[in-house]
Structure formats: structure tokens, C-alpha cells
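Undergrad: Data file protein.pdb (PDB, C-alpha atoms) is appended below.
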```
MODEL        1
ATOM      1  CA  MET I 132     -57.679  59.027  26.985  1.00  0.00           C
ATOM      2  CA  GLU I 133     -54.509  58.504  29.007  1.00  0.00           C
ATOM      3  CA  ILE I 134     -53.330  56.156  31.729  1.00  0.00           C
ATOM      4  CA  LYS I 135     -51.088  56.997  34.679  1.00  0.00           C
ATOM      5  CA  GLY I 136     -47.525  55.682  34.628  1.00  0.00           C
ATOM      6  CA  THR I 137     -48.050  53.692  37.828  1.00  0.00           C
ATOM      7  CA  ALA I 138     -50.604  51.524  35.994  1.00  0.00           C
ATOM      8  CA  VAL I 139     -48.268  51.119  33.017  1.00  0.00           C
ATOM      9  CA  LYS I 140     -45.456  50.061  35.315  1.00  0.00           C
ATOM     10  CA  SER I 141     -47.744  47.556  37.051  1.00  0.00           C
ATOM     11  CA  ILE I 142     -48.334  45.806  33.707  1.00  0.00           C
ATOM     12  CA  ASN I 143     -44.602  45.459  33.176  1.00  0.00           C
ATOM     13  CA  ASP I 144     -44.193  44.242  36.763  1.00  0.00           C
ATOM     14  CA  PHE I 145     -47.042  41.740  36.298  1.00  0.00           C
ATOM     15  CA  VAL I 146     -45.368  40.132  33.297  1.00  0.00           C
ATOM     16  CA  LEU I 147     -41.978  40.048  35.048  1.00  0.00           C
ATOM     17  CA  LYS I 148     -43.440  38.521  38.214  1.00  0.00           C
ATOM     18  CA  LYS I 149     -45.869  36.004  36.709  1.00  0.00           C
ATOM     19  CA  PHE I 150     -44.186  35.150  33.402  1.00  0.00           C
ATOM     20  CA  GLY I 151     -40.593  36.306  33.870  1.00  0.00           C
ATOM     21  CA  ASN I 152     -39.083  33.602  31.698  1.00  0.00           C
ATOM     22  CA  ARG I 153     -41.226  34.863  28.779  1.00  0.00           C
ATOM     23  CA  TYR I 154     -40.882  38.586  29.421  1.00  0.00           C
ATOM     24  CA  THR I 155     -38.704  39.178  26.348  1.00  0.00           C
ATOM     25  CA  GLU I 156     -41.205  37.352  24.160  1.00  0.00           C
ATOM     26  CA  TRP I 157     -43.996  39.595  25.479  1.00  0.00           C
ATOM     27  CA  PHE I 158     -41.960  42.779  25.138  1.00  0.00           C
ATOM     28  CA  ASN I 159     -40.884  41.926  21.581  1.00  0.00           C
ATOM     29  CA  SER I 160     -44.528  41.321  20.594  1.00  0.00           C
ATOM     30  CA  LEU I 161     -45.413  44.954  21.354  1.00  0.00           C
ATOM     31  CA  SER I 162     -45.582  47.736  18.780  1.00  0.00           C
ATOM     32  CA  GLN I 163     -42.773  50.257  18.771  1.00  0.00           C
ATOM     33  CA  GLY I 164     -45.076  52.798  20.433  1.00  0.00           C
ATOM     34  CA  SER I 165     -45.741  50.455  23.373  1.00  0.00           C
ATOM     35  CA  LYS I 166     -42.077  49.480  23.623  1.00  0.00           C
ATOM     36  CA  ASP I 167     -41.101  53.148  23.826  1.00  0.00           C
ATOM     37  CA  ILE I 168     -43.580  53.704  26.655  1.00  0.00           C
ATOM     38  CA  PHE I 169     -42.421  50.674  28.640  1.00  0.00           C
ATOM     39  CA  GLN I 170     -38.759  51.599  28.230  1.00  0.00           C
ATOM     40  CA  SER I 171     -39.221  55.053  29.721  1.00  0.00           C
ATOM     41  CA  ALA I 172     -42.459  55.044  31.756  1.00  0.00           C
ATOM     42  CA  LEU I 173     -42.434  57.294  34.796  1.00  0.00           C
ATOM     43  CA  THR I 174     -44.890  56.675  37.648  1.00  0.00           C
ATOM     44  CA  ASN I 175     -46.147  60.266  37.513  1.00  0.00           C
ATOM     45  CA  GLY I 176     -46.334  60.389  33.692  1.00  0.00           C
ATOM     46  CA  TRP I 177     -49.424  60.015  31.523  1.00  0.00           C
ATOM     47  CA  TYR I 178     -49.470  57.743  28.474  1.00  0.00           C
ATOM     48  CA  PRO I 179     -51.833  56.932  25.588  1.00  0.00           C
ATOM     49  CA  LEU I 180     -54.373  54.313  26.628  1.00  0.00           C
ATOM     50  CA  LYS I 181     -53.998  52.111  23.566  1.00  0.00           C
ATOM     51  CA  GLU I 182     -50.206  51.759  23.668  1.00  0.00           C
ATOM     52  CA  GLY I 183     -49.925  51.999  27.447  1.00  0.00           C
ATOM     53  CA  VAL I 184     -52.503  49.419  28.535  1.00  0.00           C
ATOM     54  CA  VAL I 185     -54.819  48.023  25.841  1.00  0.00           C
ATOM     55  CA  GLU I 186     -52.218  46.564  23.486  1.00  0.00           C
ATOM     56  CA  PRO I 187     -49.885  45.262  26.233  1.00  0.00           C
ATOM     57  CA  THR I 188     -52.815  43.588  28.014  1.00  0.00           C
ATOM     58  CA  GLU I 189     -54.044  42.037  24.766  1.00  0.00           C
ATOM     59  CA  LYS I 190     -50.540  40.597  24.254  1.00  0.00           C
ATOM     60  CA  ILE I 191     -50.613  39.213  27.818  1.00  0.00           C
ATOM     61  CA  ALA I 192     -53.883  37.467  26.979  1.00  0.00           C
ATOM     62  CA  GLU I 193     -52.587  36.178  23.662  1.00  0.00           C
ATOM     63  CA  LEU I 194     -49.320  34.802  25.036  1.00  0.00           C
ATOM     64  CA  PHE I 195     -50.253  33.650  28.562  1.00  0.00           C
ATOM     65  CA  TYR I 196     -54.027  33.106  28.718  1.00  0.00           C
ATOM     66  CA  GLY I 197     -54.764  31.322  25.449  1.00  0.00           C
ATOM     67  CA  GLY I 198     -56.215  34.469  23.903  1.00  0.00           C
ATOM     68  CA  ASP I 199     -58.675  35.054  26.762  1.00  0.00           C
ATOM     69  CA  THR I 200     -58.514  38.843  26.932  1.00  0.00           C
ATOM     70  CA  THR I 201     -61.009  39.017  29.787  1.00  0.00           C
ATOM     71  CA  LYS I 202     -58.888  36.700  31.972  1.00  0.00           C
ATOM     72  CA  GLY I 203     -55.655  38.495  31.074  1.00  0.00           C
ATOM     73  CA  ALA I 204     -57.180  41.887  31.872  1.00  0.00           C
ATOM     74  CA  LEU I 205     -58.752  40.718  35.156  1.00  0.00           C
ATOM     75  CA  GLU I 206     -55.490  39.162  36.387  1.00  0.00           C
ATOM     76  CA  SER I 207     -53.454  42.176  35.336  1.00  0.00           C
ATOM     77  CA  GLY I 208     -55.932  44.466  37.106  1.00  0.00           C
ATOM     78  CA  LYS I 209     -55.744  42.386  40.292  1.00  0.00           C
ATOM     79  CA  HIS I 210     -51.978  42.669  40.237  1.00  0.00           C
ATOM     80  CA  SER I 211     -52.236  46.427  39.733  1.00  0.00           C
ATOM     81  CA  ALA I 212     -54.350  46.708  42.902  1.00  0.00           C
ATOM     82  CA  GLU I 213     -51.870  44.552  44.805  1.00  0.00           C
ATOM     83  CA  VAL I 214     -49.074  46.918  43.769  1.00  0.00           C
ATOM     84  CA  ALA I 215     -51.069  50.103  44.390  1.00  0.00           C
ATOM     85  CA  LEU I 216     -52.461  48.994  47.740  1.00  0.00           C
ATOM     86  CA  ASN I 217     -49.223  48.073  49.442  1.00  0.00           C
ATOM     87  CA  GLY I 218     -47.486  49.326  52.559  1.00  0.00           C
ATOM     88  CA  VAL I 219     -49.513  51.881  54.490  1.00  0.00           C
ATOM     89  CA  TYR I 220     -52.315  51.753  51.907  1.00  0.00           C
ATOM     90  CA  LYS I 221     -52.645  47.998  52.350  1.00  0.00           C
ATOM     91  CA  LEU I 222     -53.011  48.436  56.111  1.00  0.00           C
ATOM     92  CA  TYR I 223     -55.583  51.186  55.536  1.00  0.00           C
ATOM     93  CA  VAL I 224     -57.595  48.958  53.195  1.00  0.00           C
ATOM     94  CA  ARG I 225     -57.209  45.894  55.411  1.00  0.00           C
ATOM     95  CA  PHE I 226     -58.611  47.701  58.451  1.00  0.00           C
ATOM     96  CA  SER I 227     -61.363  49.536  56.583  1.00  0.00           C
ATOM     97  CA  SER I 228     -64.773  48.098  55.901  1.00  0.00           C
ATOM     98  CA  PRO I 229     -65.464  47.000  52.323  1.00  0.00           C
ATOM     99  CA  GLY I 230     -68.069  49.759  52.148  1.00  0.00           C
ATOM    100  CA  HIS I 231     -65.503  52.386  53.095  1.00  0.00           C
ATOM    101  CA  VAL I 232     -63.087  51.034  50.492  1.00  0.00           C
ATOM    102  CA  VAL I 233     -65.652  51.142  47.683  1.00  0.00           C
ATOM    103  CA  ASP I 234     -66.756  54.613  48.741  1.00  0.00           C
ATOM    104  CA  ARG I 235     -63.248  55.754  47.813  1.00  0.00           C
ATOM    105  CA  GLY I 236     -63.561  54.331  44.284  1.00  0.00           C
ATOM    106  CA  SER I 237     -64.787  57.579  42.802  1.00  0.00           C
ATOM    107  CA  ARG I 238     -61.526  59.202  43.896  1.00  0.00           C
ATOM    108  CA  ILE I 239     -59.135  56.400  42.999  1.00  0.00           C
ATOM    109  CA  LEU I 240     -60.006  55.537  39.400  1.00  0.00           C
ATOM    110  CA  PRO I 241     -59.785  59.063  37.945  1.00  0.00           C
ATOM    111  CA  ALA I 242     -56.274  59.199  39.383  1.00  0.00           C
ATOM    112  CA  TYR I 243     -55.336  56.437  36.915  1.00  0.00           C
ATOM    113  CA  TYR I 244     -57.407  57.346  33.844  1.00  0.00           C
ATOM    114  CA  LYS I 245     -57.883  60.785  32.369  1.00  0.00           C
ATOM    115  CA  PRO I 246     -60.208  62.107  31.374  1.00  0.00           C
ATOM    116  CA  SER I 247     -62.676  60.000  33.286  1.00  0.00           C
ATOM    117  CA  LYS I 248     -65.402  60.430  35.795  1.00  0.00           C
ATOM    118  CA  ILE I 249     -66.772  57.734  38.061  1.00  0.00           C
ATOM    119  CA  VAL I 250     -69.770  58.180  40.299  1.00  0.00           C
ATOM    120  CA  GLN I 251     -71.464  55.911  42.763  1.00  0.00           C
ATOM    121  CA  ILE I 252     -74.999  55.386  41.466  1.00  0.00           C
ATOM    122  CA  GLU I 253     -76.259  52.884  44.012  1.00  0.00           C
ATOM    123  CA  ARG I 254     -74.981  51.718  47.392  1.00  0.00           C
ATOM    124  CA  ASN I 255     -76.280  49.399  50.074  1.00  0.00           C
ATOM    125  CA  LYS I 256     -74.734  47.364  52.864  1.00  0.00           C
ATOM    126  CA  GLN I 257     -73.169  44.687  50.651  1.00  0.00           C
ATOM    127  CA  SER I 258     -73.008  46.123  47.159  1.00  0.00           C
ATOM    128  CA  VAL I 259     -72.233  49.180  45.111  1.00  0.00           C
ATOM    129  CA  LYS I 260     -72.680  50.311  41.526  1.00  0.00           C
ATOM    130  CA  PHE I 261     -70.307  52.754  39.875  1.00  0.00           C
ATOM    131  CA  LYS I 262     -70.825  54.460  36.540  1.00  0.00           C
ATOM    132  CA  MET I 263     -67.749  55.529  34.609  1.00  0.00           C
ATOM    133  CA  THR I 264     -68.219  58.250  32.000  1.00  0.00           C
ATOM    134  CA  ASP I 265     -66.229  60.902  30.162  1.00  0.00           C
ATOM    135  CA  CYS I 266     -63.779  58.305  28.886  1.00  0.00           C
ATOM    136  CA  ALA I 267     -63.674  58.746  25.125  1.00  0.00           C
ATOM    137  CA  GLU I 268     -61.294  55.915  24.251  1.00  0.00           C
ATOM    138  CA  MET I 269     -62.432  53.414  26.873  1.00  0.00           C
ATOM    139  CA  ASP I 270     -61.926  49.811  25.828  1.00  0.00           C
ATOM    140  CA  GLN I 271     -63.310  46.557  27.204  1.00  0.00           C
ATOM    141  CA  VAL I 272     -59.753  45.553  28.145  1.00  0.00           C
ATOM    142  CA  VAL I 273     -59.633  48.544  30.471  1.00  0.00           C
ATOM    143  CA  GLU I 274     -63.074  47.742  31.877  1.00  0.00           C
ATOM    144  CA  TYR I 275     -61.901  44.280  32.891  1.00  0.00           C
ATOM    145  CA  ARG I 276     -58.636  45.607  34.324  1.00  0.00           C
ATOM    146  CA  ILE I 277     -60.700  47.953  36.504  1.00  0.00           C
ATOM    147  CA  ALA I 278     -63.012  45.088  37.523  1.00  0.00           C
ATOM    148  CA  GLY I 279     -59.956  43.036  38.511  1.00  0.00           C
ATOM    149  CA  TRP I 280     -58.604  45.986  40.487  1.00  0.00           C
ATOM    150  CA  MET I 281     -61.917  46.346  42.356  1.00  0.00           C
ATOM    151  CA  TYR I 282     -62.030  42.610  43.082  1.00  0.00           C
ATOM    152  CA  LYS I 283     -58.524  42.607  44.570  1.00  0.00           C
ATOM    153  CA  ALA I 284     -59.232  45.745  46.626  1.00  0.00           C
ATOM    154  CA  LEU I 285     -62.261  44.003  48.164  1.00  0.00           C
ATOM    155  CA  GLU I 286     -60.164  40.904  48.808  1.00  0.00           C
ATOM    156  CA  ILE I 287     -57.467  42.967  50.522  1.00  0.00           C
ATOM    157  CA  SER I 288     -60.152  44.589  52.677  1.00  0.00           C
ATOM    158  CA  GLY I 289     -60.944  41.140  54.061  1.00  0.00           C
ATOM    159  CA  CYS I 290     -63.942  40.040  51.998  1.00  0.00           C
ATOM    160  CA  LYS I 291     -64.221  36.285  51.703  1.00  0.00           C
ATOM    161  CA  THR I 292     -66.956  36.278  49.093  1.00  0.00           C
ATOM    162  CA  MET I 293     -67.139  38.980  46.478  1.00  0.00           C
ATOM    163  CA  ASP I 294     -68.155  39.484  42.891  1.00  0.00           C
ATOM    164  CA  VAL I 295     -67.460  42.304  40.481  1.00  0.00           C
ATOM    165  CA  GLN I 296     -69.413  42.501  37.236  1.00  0.00           C
ATOM    166  CA  ILE I 297     -69.555  44.884  34.327  1.00  0.00           C
ATOM    167  CA  ILE I 298     -73.298  45.255  33.930  1.00  0.00           C
ATOM    168  CA  GLU I 299     -73.106  47.906  31.198  1.00  0.00           C
ATOM    169  CA  SER I 300     -70.187  48.214  28.809  1.00  0.00           C
ATOM    170  CA  ILE I 301     -68.868  51.256  27.011  1.00  0.00           C
ATOM    171  CA  LYS I 302     -69.167  49.221  23.805  1.00  0.00           C
ATOM    172  CA  THR I 303     -72.943  48.809  24.092  1.00  0.00           C
ATOM    173  CA  HIS I 304     -74.087  51.617  26.401  1.00  0.00           C
ATOM    174  CA  GLY I 305     -71.674  54.525  25.924  1.00  0.00           C
ATOM    175  CA  SER I 306     -70.571  54.292  29.569  1.00  0.00           C
ATOM    176  CA  THR I 307     -69.485  51.554  31.942  1.00  0.00           C
ATOM    177  CA  VAL I 308     -71.358  50.403  35.027  1.00  0.00           C
ATOM    178  CA  PHE I 309     -69.554  48.195  37.517  1.00  0.00           C
ATOM    179  CA  GLU I 310     -71.392  46.297  40.239  1.00  0.00           C
ATOM    180  CA  ALA I 311     -69.466  44.972  43.231  1.00  0.00           C
ATOM    181  CA  LYS I 312     -71.000  42.667  45.843  1.00  0.00           C
ATOM    182  CA  TRP I 313     -69.472  41.270  49.014  1.00  0.00           C
ATOM    183  CA  ASN I 314     -70.271  39.510  52.305  1.00  0.00           C
TER     184      ASN I 314
ENDMDL
END
```
Could you quickly redo this structure as C-alpha cells?
TA:
Amino acid sequence: MEIKGTAVKSINDFVLKKFGNRYTEWFNSLSQGSKDIFQSALTNGWYPLKEGVVEPTEKIAELFYGGDTTKGALESGKHSAEVALNGVYKLYVRFSSPGHVVDRGSRILPAYYKPSKIVQIERNKQSVKFKMTDCAEMDQVVEYRIAGWMYKALEISGCKTMDVQIIESIKTHGSTVFEAKWN
């Protein structure tokens, strides 16, 4: 499984923005494979999931969130959405209904992870469930980054109260099901 360069670059940007004074410590904690990716990542390139996102996010958790990988992944995912949904996209999301934004989820996520497939399996006025499949090397770190991304996208769309949960994990079910709720 691979991750798009824009997501890789958002991880680097996240560490620089939130923990800039410890960036070198984070970078030096990475394996040589991850370092090589971060030194030459192109936004339109595709990179191995483990070295491009899993390991760097685990190091973020270890160094900045007391080892809480879930928190590190959620925060990194939120930042990724903030970066991705800027400029014209941010205006589009801001003036769209939350329902319209989540309806686009099945198009957005496969643009960042390949191979992957995400389908909407349930939708009502204030919630949606997505099932992500065809992602051989999916990791829980990635699941929580995606959940953080969804949360921030709902926030940008103007939701005041929202919740994003992983109700089925790749680790236990062979696929991932995300549930997002909002008011």
C-alpha cells in the first residue's frame, strides 16, 4: 500500500509547525528509509505506507504525545485535513453542508491511499458510515489519521458537535468502518 506525497509532506509540516524546536530530534529518530522519503518527497509522488506515514506518526506519538499513538495519529490527521482543505477548497467545504462533505469521502481518501476503496455503507441526516477495503497493508495508525482528517473536515464545514469513530478495525475485521456523526 502507498500514500500520496501530499500526505507525507503534511506530516513533515505538522512536526515543523507544532513541534518545530524538536523537529531535528524527530527526524533523526526515523529509519533511513523514512528519512530518504522525507528528504525528497514530491506532492504527486507515491511512497510506501510504513516508511511514509506509519513509522513517522509512531515517532510523533512517542516523542510528543507520551507514546499515545492514537492521539498522535488523530492530531496529525487533523493537520493533514487543514492543509488539504485550504484556499478554494476550504471555502467549498465551509459553504457546503456536512452531508455534502462526507458524500465526497469516497472520492477523497483513495486519492491519498492506493490501493484502497472506500464506500458509503449507511447515510442519514446527521451521520455516515464508510467502509474502507482493498488496503492490504492498512495499519491502525492510518485508521486514526483518517479519522482525524474526517473530524477536521467536519469542523471546517461548520459542525459544532461531531464525533468520528472507528467501529471496525482492519486488525480485527479485515476492513475498516468509520462512523461520523454531527449536528
Undergrad: Quick check, in Å to one decimal: how far apart do atom CA of I:Lys166 and atom CA of I:Gly183 lie?
TA: 9.1 Å
Undergrad: Ranking I:Trp280, I:Tyr243, I:Arg238, I:Ser207 by minimum distance to I:Leu147 and counting all atoms listed in the file, which one comes first?
TA: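 For I:Leu147, the nearest of the given residues is I:Ser207.
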Undergrad: Identify which of the residues I:Ile249, I:Val139, I:Leu205, I:Ala278 lies closest to I:Phe169, counting only C-alpha atoms when measuring atom-to-atom distances.
TA: I:Val139
Undergrad: Near stretch 148-151 of chain I, counting all atoms listed in the file, which residues have an atom at most 10 Å away, once you skip same-chain residues fewer than 6 positions from it, shown as number ranges by chain?
TA: I: 142, 157, 191, 194-195, 207, 210
Undergrad: Kindly export the residues of the current selection with C-alpha atoms, as a short mmCIF file (atom, residue, chain, number, x, y, z; two decimals), in the coordinates of the input.
TA:
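For reference, result_27.cif as written:
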```cif
data_model
loop_
_atom_site.label_atom_id
_atom_site.label_comp_id
_atom_site.auth_asym_id
_atom_site.auth_seq_id
_atom_site.Cartn_x
_atom_site.Cartn_y
_atom_site.Cartn_z
CA ILE I 142 -48.33 45.81 33.71
CA TRP I 157 -44.00 39.60 25.48
CA ILE I 191 -50.61 39.21 27.82
CA LEU I 194 -49.32 34.80 25.04
CA PHE I 195 -50.25 33.65 28.56
CA SER I 207 -53.45 42.18 35.34
CA HIS I 210 -51.98 42.67 40.24
#
```
Undergrad: Quick one: of I:Gln257, I:Thr174, I:Ser141, I:Thr155, who's nearest to I:Leu285, counting all atoms listed in the file?
TA: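 Distance minimum relative to I:Leu285 lands on I:Gln257.
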Undergrad: What is the distance, in Å and to one decimal place, between atom CA of I:Gly289 and atom CA of I:Ile239?
TA: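 One can read the atom CA of I:Gly289 to atom CA of I:Ile239 distance as 18.9 Å.
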Undergrad: Find the spatial neighbours of stretch 132-136 of chain I, counting all atoms listed in the file, within a cut-off of 8 Å - ignore same-chain residues fewer than 5 positions away - and output them as a list in words.
TA: Ala172, Leu173, Thr174, Asn175, Gly176, Trp177, Tyr178, Pro179, Leu180, Gly183, Val184, Ala242, Tyr243, Tyr244, Lys245, Pro246, Cys266, Ala267, Glu268 and Met269 of chain I
Undergrad: Taking into account all atoms listed in the file, which residue in the set I:Thr201, I:Thr292, I:Glu253, I:Ala212 is nearest to I:Glu274?
TA: I:Thr201
Undergrad: Report, in Å with one decimal, the straight-line distance from atom CA of I:Asn152 to atom CA of I:Ser165.
TA: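 Atom CA of I:Asn152 sits 19.9 Å away from atom CA of I:Ser165.
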Undergrad: From the options I:Glu206, I:Val272, I:Phe145, I:Ile252, which residue's atoms come nearest to I:Glu189, counting only C-alpha atoms?
TA: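 Among the listed residues, I:Val272 lies closest to I:Glu189.
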Undergrad: What does the PyMOL selection byres ((chain I and resi 296-310) around 6) select in this file, as a VMD selection string?
TA: chain I and resid 259 to 264 295 311
Undergrad: Which one of I:Asp294, I:Glu156, I:Asp265, I:Glu286 sits closest to I:Lys312 if you count only C-alpha atoms?
TA: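 Distance minimum relative to I:Lys312 lands on I:Asp294.
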Undergrad: Once 3 Å is added on each side, what are the centre and the three edge lengths, in Å to one decimal, of the axis-aligned box enclosing the listed atoms of stretch 144-147 of chain I? Present them as lines of an AutoDock Vina configuration file.
TA:
```
center_x = -44.5
center_y = 42.1
center_z = 35.0
size_x = 11.1
size_y = 10.2
size_z = 9.5
```
Undergrad: Evaluate the PyMOL selection byres ((chain I and resi 290) around 10) here and jot the selected residues down as a list in words.
TA: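 Written out, the selection comes to Arg225, Ser228, Pro229, Tyr282, Lys283, Ala284, Leu285, Glu286, Ile287, Ser288, Gly289, Lys291, Thr292, Met293, Lys312, Trp313 and Asn314 of chain I.
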Undergrad: Limited to C-alpha atoms, could you put the picked residues into a file as an mmCIF file, keeping the file's coordinate frame?
TA:
```
data_model
loop_
_atom_site.group_PDB
_atom_site.id
_atom_site.type_symbol
_atom_site.label_atom_id
_atom_site.label_comp_id
_atom_site.auth_asym_id
_atom_site.auth_seq_id
_atom_site.Cartn_x
_atom_site.Cartn_y
_atom_site.Cartn_z
ATOM 1 C CA ARG I 225 -57.209 45.894 55.411
ATOM 2 C CA SER I 228 -64.773 48.098 55.901
ATOM 3 C CA PRO I 229 -65.464 47.000 52.323
ATOM 4 C CA TYR I 282 -62.030 42.610 43.082
ATOM 5 C CA LYS I 283 -58.524 42.607 44.570
ATOM 6 C CA ALA I 284 -59.232 45.745 46.626
ATOM 7 C CA LEU I 285 -62.261 44.003 48.164
ATOM 8 C CA GLU I 286 -60.164 40.904 48.808
ATOM 9 C CA ILE I 287 -57.467 42.967 50.522
ATOM 10 C CA SER I 288 -60.152 44.589 52.677
ATOM 11 C CA GLY I 289 -60.944 41.140 54.061
ATOM 12 C CA LYS I 291 -64.221 36.285 51.703
ATOM 13 C CA THR I 292 -66.956 36.278 49.093
ATOM 14 C CA MET I 293 -67.139 38.980 46.478
ATOM 15 C CA LYS I 312 -71.000 42.667 45.843
ATOM 16 C CA TRP I 313 -69.472 41.270 49.014
ATOM 17 C CA ASN I 314 -70.271 39.510 52.305
#
```
